[in-house]
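The next block is entry23.tsv, given as TSV, C-alpha atoms and all ligand atoms.
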chain	number	residue	atom	x	y	z
A	1	MET	CA	0.00	0.00	0.00
A	2	SER	CA	1.53	3.34	-1.00
A	3	GLN	CA	1.89	6.19	1.47
A	4	SER	CA	-0.09	9.24	0.47
A	5	ALA	CA	0.47	12.69	1.94
A	6	PRO	CA	-1.85	13.52	4.83
A	7	ARG	CA	-4.80	15.54	3.56
A	8	SER	CA	-5.06	17.75	6.60
A	9	GLN	CA	-3.44	21.15	6.94
A	10	ASP	CA	-0.97	21.43	9.81
A	11	ALA	CA	-3.28	23.14	12.27
A	12	GLY	CA	-6.53	22.78	10.36
A	13	VAL	CA	-9.22	20.21	9.93
A	14	GLY	CA	-8.73	17.51	7.31
A	15	THR	CA	-11.29	15.26	5.68
A	16	VAL	CA	-10.83	11.60	4.81
A	17	PRO	CA	-13.71	10.23	2.73
A	18	VAL	CA	-14.85	6.64	3.20
A	19	GLU	CA	-16.08	5.68	-0.27
A	20	LEU	CA	-18.91	3.18	0.05
A	21	GLY	CA	-21.39	4.25	-2.62
A	22	PRO	CA	-24.68	5.19	-0.98
A	23	ARG	CA	-23.16	4.58	2.46
A	24	SER	CA	-20.19	6.94	1.90
A	25	TYR	CA	-19.28	9.43	4.63
A	26	ASP	CA	-16.53	11.75	5.74
A	27	VAL	CA	-14.15	11.49	8.67
A	28	LEU	CA	-13.22	15.00	9.82
A	29	ILE	CA	-9.96	15.14	11.77
A	30	GLY	CA	-8.60	18.12	13.68
A	31	PRO	CA	-9.08	20.49	16.60
A	32	GLY	CA	-12.32	22.14	17.73
A	33	LEU	CA	-14.77	19.75	16.08
A	34	ILE	CA	-16.93	19.13	19.17
A	35	GLY	CA	-17.58	22.87	19.53
A	36	ALA	CA	-18.38	23.10	15.81
A	37	ALA	CA	-20.67	20.05	15.81
A	38	GLY	CA	-23.89	22.09	15.58
A	39	GLU	CA	-22.87	23.81	12.32
A	40	LEU	CA	-21.28	20.67	10.90
A	41	LEU	CA	-24.38	18.57	11.53
A	42	HIS	CA	-26.70	21.29	10.28
A	43	ALA	CA	-24.73	21.61	7.04
A	44	ARG	CA	-25.05	17.88	6.38
A	45	PHE	CA	-28.31	16.80	7.98
A	46	GLY	CA	-30.42	19.98	8.11
A	47	ALA	CA	-32.90	20.06	10.98
A	48	ALA	CA	-32.53	16.39	12.00
A	49	ARG	CA	-32.90	15.98	15.75
A	50	CYS	CA	-30.38	14.04	17.78
A	51	ALA	CA	-29.75	12.12	20.98
A	52	ILE	CA	-26.31	11.77	22.54
A	53	VAL	CA	-25.07	8.47	23.97
A	54	THR	CA	-22.00	8.80	26.15
A	55	ASP	CA	-20.42	7.70	29.43
A	56	ARG	CA	-19.70	9.41	32.76
A	57	ASN	CA	-16.08	10.17	31.84
A	58	LEU	CA	-17.31	12.55	29.16
A	59	GLU	CA	-19.32	14.43	31.80
A	60	THR	CA	-16.19	14.78	33.93
A	61	THR	CA	-14.04	16.06	31.07
A	62	GLY	CA	-16.68	18.58	29.98
A	63	HIS	CA	-16.91	17.17	26.44
A	64	LEU	CA	-20.58	16.25	26.93
A	65	ALA	CA	-21.46	19.78	28.04
A	66	ARG	CA	-19.52	21.22	25.08
A	67	LEU	CA	-21.29	18.99	22.59
A	68	ALA	CA	-24.73	19.60	24.13
A	69	GLU	CA	-24.12	23.36	24.01
A	70	ALA	CA	-23.00	23.15	20.40
A	71	LEU	CA	-26.24	21.38	19.50
A	72	THR	CA	-28.59	23.54	21.56
A	73	PRO	CA	-29.02	26.62	19.32
A	74	GLY	CA	-31.18	24.72	16.83
A	75	HIS	CA	-33.11	22.95	19.68
A	76	ARG	CA	-32.11	19.75	17.99
A	77	LEU	CA	-31.07	17.79	21.05
A	78	ARG	CA	-33.67	15.35	22.40
A	79	GLY	CA	-31.45	14.41	25.32
A	80	ALA	CA	-28.29	12.67	26.47
A	81	ILE	CA	-27.96	9.15	27.85
A	82	VAL	CA	-24.96	8.71	30.16
A	83	LEU	CA	-23.76	5.13	30.69
A	84	SER	CA	-21.08	3.56	32.90
A	85	PRO	CA	-17.61	3.59	31.39
A	86	GLY	CA	-15.86	0.29	30.69
A	87	GLU	CA	-16.05	-2.78	28.49
A	88	ALA	CA	-18.79	-4.34	30.70
A	89	THR	CA	-21.21	-1.77	29.22
A	90	LYS	CA	-21.01	-3.56	25.85
A	91	SER	CA	-23.57	-6.15	26.96
A	92	PHE	CA	-27.03	-7.39	25.95
A	93	GLY	CA	-28.50	-5.86	29.12
A	94	GLU	CA	-27.06	-2.41	28.43
A	95	LEU	CA	-28.09	-2.61	24.76
A	96	ALA	CA	-31.70	-3.36	25.77
A	97	GLY	CA	-31.75	-0.49	28.27
A	98	LEU	CA	-30.20	1.92	25.77
A	99	CYS	CA	-32.71	1.09	23.03
A	100	GLN	CA	-35.59	1.63	25.42
A	101	ARG	CA	-34.20	4.95	26.61
A	102	LEU	CA	-33.67	6.14	23.03
A	103	LEU	CA	-37.32	5.28	22.29
A	104	GLU	CA	-38.40	7.09	25.47
A	105	LEU	CA	-36.50	10.18	24.25
A	106	GLY	CA	-38.66	9.97	21.13
A	107	VAL	CA	-35.84	9.19	18.68
A	108	GLU	CA	-37.40	8.80	15.24
A	109	ARG	CA	-36.21	7.20	12.00
A	110	GLY	CA	-34.93	10.52	10.59
A	111	ASP	CA	-32.96	11.42	13.76
A	112	LEU	CA	-29.29	11.00	14.53
A	113	VAL	CA	-27.81	9.05	17.41
A	114	ILE	CA	-24.52	10.68	18.40
A	115	ALA	CA	-21.93	8.38	19.98
A	116	LEU	CA	-19.64	10.56	22.11
A	117	GLY	CA	-16.82	8.57	23.68
A	118	GLY	CA	-14.43	5.71	23.10
A	119	GLY	CA	-14.82	2.37	21.39
A	120	VAL	CA	-17.28	0.95	23.91
A	121	ILE	CA	-19.75	3.81	23.41
A	122	GLY	CA	-19.24	3.86	19.62
A	123	ASP	CA	-19.78	0.11	19.25
A	124	LEU	CA	-22.80	0.01	21.56
A	125	ALA	CA	-24.52	3.18	20.32
A	126	GLY	CA	-23.80	2.18	16.70
A	127	PHE	CA	-25.40	-1.23	17.29
A	128	ALA	CA	-28.41	0.40	18.99
A	129	ALA	CA	-28.71	2.71	15.95
A	130	ALA	CA	-28.53	-0.32	13.64
A	131	VAL	CA	-31.51	-2.01	15.27
A	132	LEU	CA	-33.59	0.93	16.55
A	133	ARG	CA	-36.67	1.30	14.33
A	134	ARG	CA	-34.80	-1.10	11.97
A	135	GLY	CA	-31.99	1.40	11.57
A	136	VAL	CA	-31.39	5.08	12.27
A	137	ARG	CA	-28.39	7.19	11.28
A	138	TYR	CA	-25.59	7.83	13.73
A	139	VAL	CA	-22.58	10.09	14.06
A	140	GLN	CA	-19.37	9.01	15.73
A	141	VAL	CA	-17.60	11.59	17.91
A	142	PRO	CA	-14.64	9.50	19.11
A	143	THR	CA	-12.76	10.92	22.10
A	144	THR	CA	-10.02	8.32	22.51
A	145	LEU	CA	-7.09	7.74	20.18
A	146	LEU	CA	-8.17	4.13	19.69
A	147	ALA	CA	-11.67	5.13	18.65
A	148	GLN	CA	-10.41	7.92	16.36
A	149	VAL	CA	-8.08	5.67	14.39
A	150	ASP	CA	-10.04	2.45	14.43
A	151	SER	CA	-13.42	1.70	15.96
A	152	SER	CA	-15.29	4.85	14.85
A	153	VAL	CA	-14.52	4.18	11.17
A	154	GLY	CA	-15.77	1.25	9.12
A	155	GLY	CA	-19.20	0.49	10.56
A	156	LYS	CA	-18.44	-2.42	12.87
A	157	THR	CA	-20.86	-2.23	15.80
A	158	GLY	CA	-21.64	-4.75	18.49
A	159	ILE	CA	-21.46	-6.10	21.99
A	160	ASN	CA	-19.53	-8.75	23.92
A	161	THR	CA	-20.82	-12.03	25.36
A	162	PRO	CA	-19.21	-14.47	27.81
A	163	GLN	CA	-18.10	-16.47	24.72
A	164	GLY	CA	-15.97	-13.61	23.38
A	165	LYS	CA	-15.71	-10.07	22.15
A	166	ASN	CA	-17.95	-8.48	19.51
A	167	LEU	CA	-19.62	-11.79	18.66
A	168	ILE	CA	-23.04	-10.11	18.36
A	169	GLY	CA	-23.27	-7.07	16.12
A	170	ALA	CA	-23.94	-5.55	12.73
A	171	PHE	CA	-22.16	-3.65	10.00
A	172	HIS	CA	-23.82	-0.22	10.18
A	173	GLN	CA	-21.82	2.68	8.76
A	174	PRO	CA	-21.93	6.03	10.54
A	175	SER	CA	-23.13	9.05	8.57
A	176	LEU	CA	-20.23	11.21	9.76
A	177	VAL	CA	-17.20	10.92	12.06
A	178	LEU	CA	-15.89	13.94	13.97
A	179	ALA	CA	-12.42	13.09	15.32
A	180	ASP	CA	-11.66	16.10	17.51
A	181	THR	CA	-7.96	15.87	18.32
A	182	ASP	CA	-8.39	18.41	21.17
A	183	ALA	CA	-10.45	15.76	22.99
A	184	LEU	CA	-7.28	13.69	23.41
A	185	ALA	CA	-5.79	16.31	25.76
A	186	SER	CA	-7.90	14.91	28.62
A	187	LEU	CA	-7.20	11.26	27.79
A	188	PRO	CA	-5.17	9.44	30.49
A	189	ASP	CA	-1.66	8.58	29.29
A	190	ARG	CA	-2.31	4.83	29.67
A	191	GLU	CA	-5.25	5.06	27.25
A	192	MET	CA	-3.25	7.22	24.86
A	193	SER	CA	-0.56	4.51	24.72
A	194	ALA	CA	-3.21	1.80	24.33
A	195	GLY	CA	-4.71	3.65	21.34
A	196	TYR	CA	-1.24	4.08	19.89
A	197	ALA	CA	-1.04	0.29	19.45
A	198	GLU	CA	-3.72	0.61	16.74
A	199	VAL	CA	-1.82	3.48	15.08
A	200	ALA	CA	1.35	1.37	14.93
A	201	LYS	CA	-0.76	-1.49	13.56
A	202	TYR	CA	-1.40	0.44	10.32
A	203	GLY	CA	2.29	0.91	9.63
A	204	LEU	CA	3.00	-2.69	10.52
A	205	LEU	CA	0.30	-4.13	8.30
A	206	GLY	CA	0.78	-2.08	5.17
A	207	ASP	CA	3.01	1.01	5.28
A	208	ALA	CA	6.63	0.51	6.37
A	209	SER	CA	7.46	4.19	5.84
A	210	PHE	CA	4.62	5.22	8.18
A	211	PHE	CA	6.02	2.82	10.80
A	212	ALA	CA	9.48	4.38	10.36
A	213	TRP	CA	7.87	7.83	10.76
A	214	LEU	CA	6.21	6.62	13.96
A	215	GLU	CA	9.53	5.32	15.30
A	216	ALA	CA	10.87	8.86	14.94
A	217	ASN	CA	7.72	10.72	16.05
A	218	ALA	CA	5.94	8.57	18.66
A	219	GLY	CA	7.02	10.97	21.40
A	220	GLY	CA	5.28	13.87	19.66
A	221	VAL	CA	2.13	11.84	19.04
A	222	LEU	CA	1.89	10.77	22.68
A	223	ALA	CA	2.66	14.31	23.91
A	224	ARG	CA	-0.35	15.46	21.80
A	225	ASP	CA	1.83	17.61	19.56
A	226	ARG	CA	-0.91	18.88	17.24
A	227	GLN	CA	0.92	18.35	13.96
A	228	ALA	CA	2.21	14.88	14.85
A	229	LEU	CA	-1.15	13.80	16.22
A	230	ILE	CA	-3.11	14.95	13.18
A	231	ARG	CA	-0.66	13.23	10.86
A	232	ALA	CA	-0.81	9.94	12.83
A	233	VAL	CA	-4.63	9.95	13.03
A	234	THR	CA	-5.03	11.01	9.40
A	235	ARG	CA	-2.70	8.37	7.96
A	236	SER	CA	-4.34	5.67	10.11
A	237	VAL	CA	-7.84	6.69	9.00
A	238	GLU	CA	-6.74	6.92	5.34
A	239	MET	CA	-5.43	3.37	5.47
A	240	LYS	CA	-8.55	2.09	7.17
A	241	ALA	CA	-10.84	3.95	4.74
A	242	GLU	CA	-9.02	2.47	1.72
A	243	ILE	CA	-9.28	-1.08	3.06
A	244	VAL	CA	-12.92	-0.73	4.16
A	245	ALA	CA	-13.86	0.72	0.75
A	246	ARG	CA	-12.43	-2.42	-0.90
A	247	ASP	CA	-13.81	-4.96	1.59
A	248	GLU	CA	-16.59	-3.50	3.72
A	249	THR	CA	-17.81	-6.76	5.25
A	250	GLU	CA	-14.41	-8.36	5.85
A	251	THR	CA	-14.43	-11.16	3.32
A	252	GLU	CA	-10.63	-11.00	2.94
A	253	GLU	CA	-8.50	-7.82	2.90
A	254	ARG	CA	-10.21	-6.17	5.89
A	255	MET	CA	-8.97	-9.08	8.02
A	256	LEU	CA	-5.55	-7.40	7.83
A	257	LEU	CA	-6.92	-4.77	10.22
A	258	ASN	CA	-7.07	-7.58	12.76
A	259	LEU	CA	-3.29	-7.85	12.98
A	260	GLY	CA	-2.64	-8.87	16.59
A	261	HIS	CA	-6.34	-9.32	17.32
A	262	THR	CA	-6.63	-13.15	17.25
A	263	PHE	CA	-4.06	-13.39	20.04
A	264	GLY	CA	-5.15	-10.07	21.60
A	265	HIS	CA	-8.85	-10.89	21.87
A	266	ALA	CA	-8.06	-14.21	23.54
A	267	LEU	CA	-5.88	-12.42	26.10
A	268	GLU	CA	-8.57	-9.81	26.69
A	269	ALA	CA	-11.20	-12.51	27.24
A	270	TRP	CA	-8.82	-14.34	29.59
A	271	ALA	CA	-8.36	-11.07	31.56
A	272	GLY	CA	-12.15	-10.77	31.77
A	273	PHE	CA	-12.33	-7.61	29.58
A	274	SER	CA	-11.13	-5.71	32.64
A	275	ALA	CA	-8.90	-2.72	33.35
A	276	LYS	CA	-6.15	-5.27	34.01
A	277	LEU	CA	-5.58	-5.31	30.25
A	278	LEU	CA	-6.96	-2.53	28.03
A	279	HIS	CA	-7.94	-3.47	24.48
A	280	GLY	CA	-4.99	-1.62	22.94
A	281	GLU	CA	-2.60	-3.24	25.42
A	282	ALA	CA	-3.92	-6.68	24.45
A	283	ILE	CA	-3.43	-5.72	20.79
A	284	ALA	CA	0.15	-4.60	21.48
A	285	ILE	CA	0.95	-8.03	22.95
A	286	GLY	CA	-1.03	-9.68	20.12
A	287	ILE	CA	0.98	-7.78	17.47
A	288	CYS	CA	4.25	-8.86	19.09
A	289	LEU	CA	3.02	-12.48	19.21
A	290	ALA	CA	1.99	-12.31	15.54
A	291	PHE	CA	5.46	-11.07	14.53
A	292	ARG	CA	7.27	-13.57	16.80
A	293	PHE	CA	5.15	-16.41	15.44
A	294	SER	CA	5.80	-15.19	11.86
A	295	GLU	CA	9.51	-15.25	12.62
A	296	ALA	CA	9.29	-18.70	14.22
A	297	GLN	CA	7.53	-19.95	11.06
A	298	ARG	CA	10.26	-18.28	8.93
A	299	PHE	CA	7.85	-15.99	7.12
A	300	CYS	CA	9.60	-12.90	8.37
A	301	PRO	CA	13.31	-11.96	8.65
A	302	ALA	CA	15.02	-12.50	12.01
A	303	GLY	CA	15.07	-9.34	14.10
A	304	THR	CA	11.75	-7.95	12.82
A	305	ALA	CA	9.77	-8.97	15.91
A	306	ALA	CA	12.41	-7.44	18.19
A	307	ARG	CA	12.16	-4.13	16.28
A	308	VAL	CA	8.36	-4.14	16.64
A	309	ALA	CA	8.48	-4.99	20.35
A	310	ALA	CA	11.18	-2.36	21.01
A	311	HIS	CA	8.98	0.32	19.46
A	312	LEU	CA	5.85	-0.69	21.38
A	313	ALA	CA	7.82	-0.98	24.64
A	314	SER	CA	9.20	2.55	24.02
A	315	VAL	CA	5.64	3.90	24.33
A	316	ARG	CA	5.04	1.95	27.55
A	317	LEU	CA	2.99	-0.83	25.97
A	318	PRO	CA	3.20	-4.45	27.14
A	319	THR	CA	4.83	-6.79	24.64
A	320	ARG	CA	4.65	-10.18	26.36
A	321	ILE	CA	1.96	-12.36	27.94
A	322	SER	CA	3.95	-12.23	31.19
A	323	ASP	CA	3.48	-8.42	31.20
A	324	VAL	CA	-0.22	-8.92	32.05
A	325	PRO	CA	-0.58	-8.41	35.80
A	326	GLY	CA	-1.75	-11.47	37.74
A	327	ALA	CA	-0.37	-14.19	39.93
A	328	THR	CA	-0.78	-16.90	37.31
A	329	GLY	CA	-0.85	-16.48	33.58
A	330	PRO	CA	-3.19	-18.17	31.13
A	331	ASP	CA	-2.71	-21.71	29.91
A	332	ALA	CA	-1.87	-22.16	26.20
A	333	ALA	CA	-4.83	-24.54	25.76
A	334	ASP	CA	-7.19	-21.94	27.34
A	335	LEU	CA	-5.99	-19.31	24.87
A	336	ILE	CA	-6.52	-21.66	21.92
A	337	ARG	CA	-10.05	-22.38	23.18
A	338	LEU	CA	-10.74	-18.63	23.41
A	339	MET	CA	-9.30	-18.12	19.90
A	340	ARG	CA	-11.76	-20.65	18.51
A	341	GLN	CA	-14.53	-18.13	19.27
A	342	ASP	CA	-12.90	-15.73	16.82
A	343	LYS	CA	-15.26	-14.56	14.06
A	344	LYS	CA	-12.64	-15.47	11.46
A	345	VAL	CA	-12.73	-19.20	12.31
A	346	GLN	CA	-13.68	-21.17	9.16
A	347	ASP	CA	-14.48	-24.88	9.28
A	348	GLY	CA	-12.88	-24.90	12.71
A	349	ARG	CA	-9.60	-23.52	11.32
A	350	LEU	CA	-8.11	-20.46	12.97
A	351	THR	CA	-7.34	-17.46	10.78
A	352	PHE	CA	-4.23	-15.45	11.63
A	353	VAL	CA	-2.82	-12.23	10.30
A	354	LEU	CA	0.92	-12.85	9.95
A	355	ALA	CA	3.71	-10.80	8.43
A	356	ARG	CA	6.44	-11.22	5.82
A	357	ASP	CA	8.03	-7.98	7.03
A	358	ILE	CA	7.13	-4.64	8.56
A	359	GLY	CA	4.40	-3.23	6.32
A	360	ALA	CA	3.70	-6.62	4.70
A	361	ALA	CA	0.97	-8.48	6.58
A	362	PHE	CA	-1.03	-11.33	5.09
A	363	VAL	CA	-3.98	-13.50	6.06
A	364	SER	CA	-3.25	-17.19	6.70
A	365	ARG	CA	-5.73	-20.03	7.19
A	366	GLU	CA	-2.96	-22.62	7.01
A	367	VAL	CA	-1.71	-22.25	10.55
A	368	ASN	CA	-1.58	-25.48	12.54
A	369	ALA	CA	-3.24	-25.08	15.98
A	370	VAL	CA	-0.66	-27.48	17.50
A	371	ASP	CA	2.17	-25.16	16.35
A	372	VAL	CA	0.35	-22.17	17.87
A	373	GLU	CA	-0.23	-23.98	21.16
A	374	GLY	CA	3.46	-24.92	21.40
A	375	PHE	CA	4.47	-21.35	20.55
A	376	LEU	CA	2.09	-19.93	23.19
A	377	ALA	CA	3.34	-22.36	25.85
A	378	ARG	CA	6.89	-21.10	25.20
A	379	GLU	CA	5.70	-17.48	25.25
A	380	ILE	CA	3.81	-17.95	28.56
A	381	ALA	CA	6.92	-19.41	30.16
A	382	ARG	CA	9.15	-16.62	28.82
A	383	ARG	CA	9.97	-13.68	31.10
A	384	GLU	CA	13.00	-11.96	29.60
A	385	PRO	CA	12.49	-8.79	27.53
B	1	LIG	N1	-11.09	-3.03	13.93
B	1	LIG	C1	-10.95	-3.74	12.72
B	1	LIG	C2	-11.96	-3.38	11.69
B	1	LIG	O1	-12.67	-2.41	11.83
B	1	LIG	O2	-12.08	-4.07	10.70

Hey, can you dump this file as structure tokens for me?
Amino acid sequence: MSQSAPRSQDAGVGTVPVELGPRSYDVLIGPGLIGAAGELLHARFGAARCAIVTDRNLETTGHLARLAEALTPGHRLRGAIVLSPGEATKSFGELAGLCQRLLELGVERGDLVIALGGGVIGDLAGFAAAVLRRGVRYVQVPTTLLAQVDSSVGGKTGINTPQGKNLIGAFHQPSLVLADTDALASLPDREMSAGYAEVAKYGLLGDASFFAWLEANAGGVLARDRQALIRAVTRSVEMKAEIVARDETETEERMLLNLGHTFGHALEAWAGFSAKLLHGEAIAIGICLAFRFSEAQRFCPAGTAARVAAHLASVRLPTRISDVPGATGPDAADLIRLMRQDKKVQDGRLTFVLARDIGAAFVSREVNAVDVEGFLAREIARREP
């Protein structure tokens, strides 16, 4: 995949289109977008009324008040629903409650649901929008780095079940994404690093020069340097938009976006989807495992996995299973069992995203589960850096 120049101006707002025919939409990236939401929505959706879905953290940071104020002049806001933060909110119970509350607010077919928050809120509110009155439009206003570069774009919505993550859901594309980079100023550093794992993922899967740029500029991105941040978010969204436009429902190429996720989701499920291991942290470990396994299978040159792990460790991300806090680690057989719940399993065969090099990922359905189990047993036992 070739690297194109970021479309944003240094301090301005850039637009990345997601080209999906009648379901096409724009991702706006830059500062001040929450405060400008009223005008931006009015320009695109006229007098459509809206309801905000968010979590308590967005009350604390003031982003909810800012968005509500931005929407008030046209009296277009039906109300705001504030949920508990955390992965546990992506459940059947919360989905049912949310749908009922949206109906109680009087949300109609022509209205907009606005998802203000991170990936949990975007996935849950997007799924509620997909099923409410058989489908209403929604706008993503992602306020975490992870949501800005990944979950708010591409239309994957859903909830978790005890069997695994995101196993119930729908493809339902948003009508607009407002990625306000100012919102990241209030993001805790741990979450900023976790989101960075998904930024690095784009370079690792398809753009070696972007990964090299990240190696030189990660400090600026994590320090919220405006120029560096906009460039990192824009390039990530451009890559995602290109892949989603070619394979919206993940029949093949979109699976590349799951680099590190087969291992990562299993680790997250093992950790109980808890704060012990944030999604992006699980993905960081999963990416390292995918590169180490690729090296062990001789797909990828020696030393590649160490370069990847060194970069992720430099931004305070975990790179090994033994980095997950806990008295005892998972068992390799447990992780394989959790991986079998992966949506990419076909005829019982696991699908992995592996790599031939940095920037050269590929999808493999030829991986032998016995090899993976042996590899994981060695990884679980391993403690050195
Ligand atoms: N997060 C991977 C995807 O949207 O396909």

Give, as JSON, the centre coordinates and the x, y and z edge lengths in Å to one decimal for an axis-aligned box around all listed atoms of ligand LIG 1 (chain B), padded by 4 Å on each side.
{"center_x": -11.8, "center_y": -3.2, "center_z": 12.3, "size_x": 9.7, "size_y": 9.7, "size_z": 11.2}

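Using all atoms listed in the file, we find that the residues with an atom at most 6 Å from any atom of ligand LIG 1 (chain B) are Asp150, Ser151, Gly154, Lys156, Arg254, Leu257 and Asn258 of chain A.
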
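Minimum atom-to-atom distance to Pro22 of chain A, evaluated using only C-alpha atoms, belongs to A:Ala245 out of A:Ala245, A:Val233, A:Leu64, A:Leu214.
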
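Take atom CA of Met255 of chain A and atom CA of Ala212 of chain A: the distance between them is 23.0 Å.
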
Which protein, DNA or RNA residues have an atom at most 12 Å from (-38.3, 13.7, 21.0), counting all atoms listed in the file? List them as a PyMOL selection string.
chain A and resi 48-51+75-80+101-112

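Candidate residues A:Asn57, A:Ile358, A:Gly14, A:Glu252 were compared for distance to Thr304 of chain A, and the nearest is A:Ile358, using all atoms listed in the file.
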
Where does segment 126-236 of chain A meet segment 315-326 of chain A within 10 Å, residue by residue, with the nearest atom pair and distance in Å to one decimal for each, counting all atoms listed in the file, listed by chain and rising number, as CSV?
residue,atom,partner,partner_atom,distance
A:Asp189,CA,A:Arg316,CA,9.6
A:Arg190,CA,A:Arg316,CA,8.2
A:Met192,CA,A:Val315,CA,9.5
A:Ser193,CA,A:Val315,CA,6.2
A:Ala194,CA,A:Leu317,CA,6.9
A:Tyr196,CA,A:Val315,CA,8.2
A:Ala197,CA,A:Leu317,CA,7.7
A:Glu215,CA,A:Val315,CA,9.9
A:Ala218,CA,A:Val315,CA,7.4
A:Gly219,CA,A:Val315,CA,7.8
A:Leu222,CA,A:Val315,CA,8.0

Can you tell me, as an MDAnalysis selection string, what residues are no more than 6 Å from segment 262-265 of chain A when counting all atoms listed in the file, ignoring any on the same chain fewer than 6 positions away?
chainID A and resid 282:283 286

Just the residues within 12 Å of Thr144 of chain A, please, counting all atoms listed in the file, with nothing from its chain fewer than 5 positions along; format it as a ChimeraX atom specification.
/A:57-58,63,116-122,149-152,178-196,198,233,280

Write the residues of the selection above to a file with C-alpha atoms, as an mmCIF file, keeping the file's coordinate frame.
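Result file is part-v2.cif:
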data_model
loop_
_atom_site.group_PDB
_atom_site.id
_atom_site.type_symbol
_atom_site.label_atom_id
_atom_site.label_comp_id
_atom_site.auth_asym_id
_atom_site.auth_seq_id
_atom_site.Cartn_x
_atom_site.Cartn_y
_atom_site.Cartn_z
ATOM 1 C CA ASN A 57 -16.080 10.170 31.840
ATOM 2 C CA LEU A 58 -17.310 12.550 29.160
ATOM 3 C CA HIS A 63 -16.910 17.170 26.440
ATOM 4 C CA LEU A 116 -19.640 10.560 22.110
ATOM 5 C CA GLY A 117 -16.820 8.570 23.680
ATOM 6 C CA GLY A 118 -14.430 5.710 23.100
ATOM 7 C CA GLY A 119 -14.820 2.370 21.390
ATOM 8 C CA VAL A 120 -17.280 0.950 23.910
ATOM 9 C CA ILE A 121 -19.750 3.810 23.410
ATOM 10 C CA GLY A 122 -19.240 3.860 19.620
ATOM 11 C CA VAL A 149 -8.080 5.670 14.390
ATOM 12 C CA ASP A 150 -10.040 2.450 14.430
ATOM 13 C CA SER A 151 -13.420 1.700 15.960
ATOM 14 C CA SER A 152 -15.290 4.850 14.850
ATOM 15 C CA LEU A 178 -15.890 13.940 13.970
ATOM 16 C CA ALA A 179 -12.420 13.090 15.320
ATOM 17 C CA ASP A 180 -11.660 16.100 17.510
ATOM 18 C CA THR A 181 -7.960 15.870 18.320
ATOM 19 C CA ASP A 182 -8.390 18.410 21.170
ATOM 20 C CA ALA A 183 -10.450 15.760 22.990
ATOM 21 C CA LEU A 184 -7.280 13.690 23.410
ATOM 22 C CA ALA A 185 -5.790 16.310 25.760
ATOM 23 C CA SER A 186 -7.900 14.910 28.620
ATOM 24 C CA LEU A 187 -7.200 11.260 27.790
ATOM 25 C CA PRO A 188 -5.170 9.440 30.490
ATOM 26 C CA ASP A 189 -1.660 8.580 29.290
ATOM 27 C CA ARG A 190 -2.310 4.830 29.670
ATOM 28 C CA GLU A 191 -5.250 5.060 27.250
ATOM 29 C CA MET A 192 -3.250 7.220 24.860
ATOM 30 C CA SER A 193 -0.560 4.510 24.720
ATOM 31 C CA ALA A 194 -3.210 1.800 24.330
ATOM 32 C CA GLY A 195 -4.710 3.650 21.340
ATOM 33 C CA TYR A 196 -1.240 4.080 19.890
ATOM 34 C CA GLU A 198 -3.720 0.610 16.740
ATOM 35 C CA VAL A 233 -4.630 9.950 13.030
ATOM 36 C CA GLY A 280 -4.990 -1.620 22.940
#
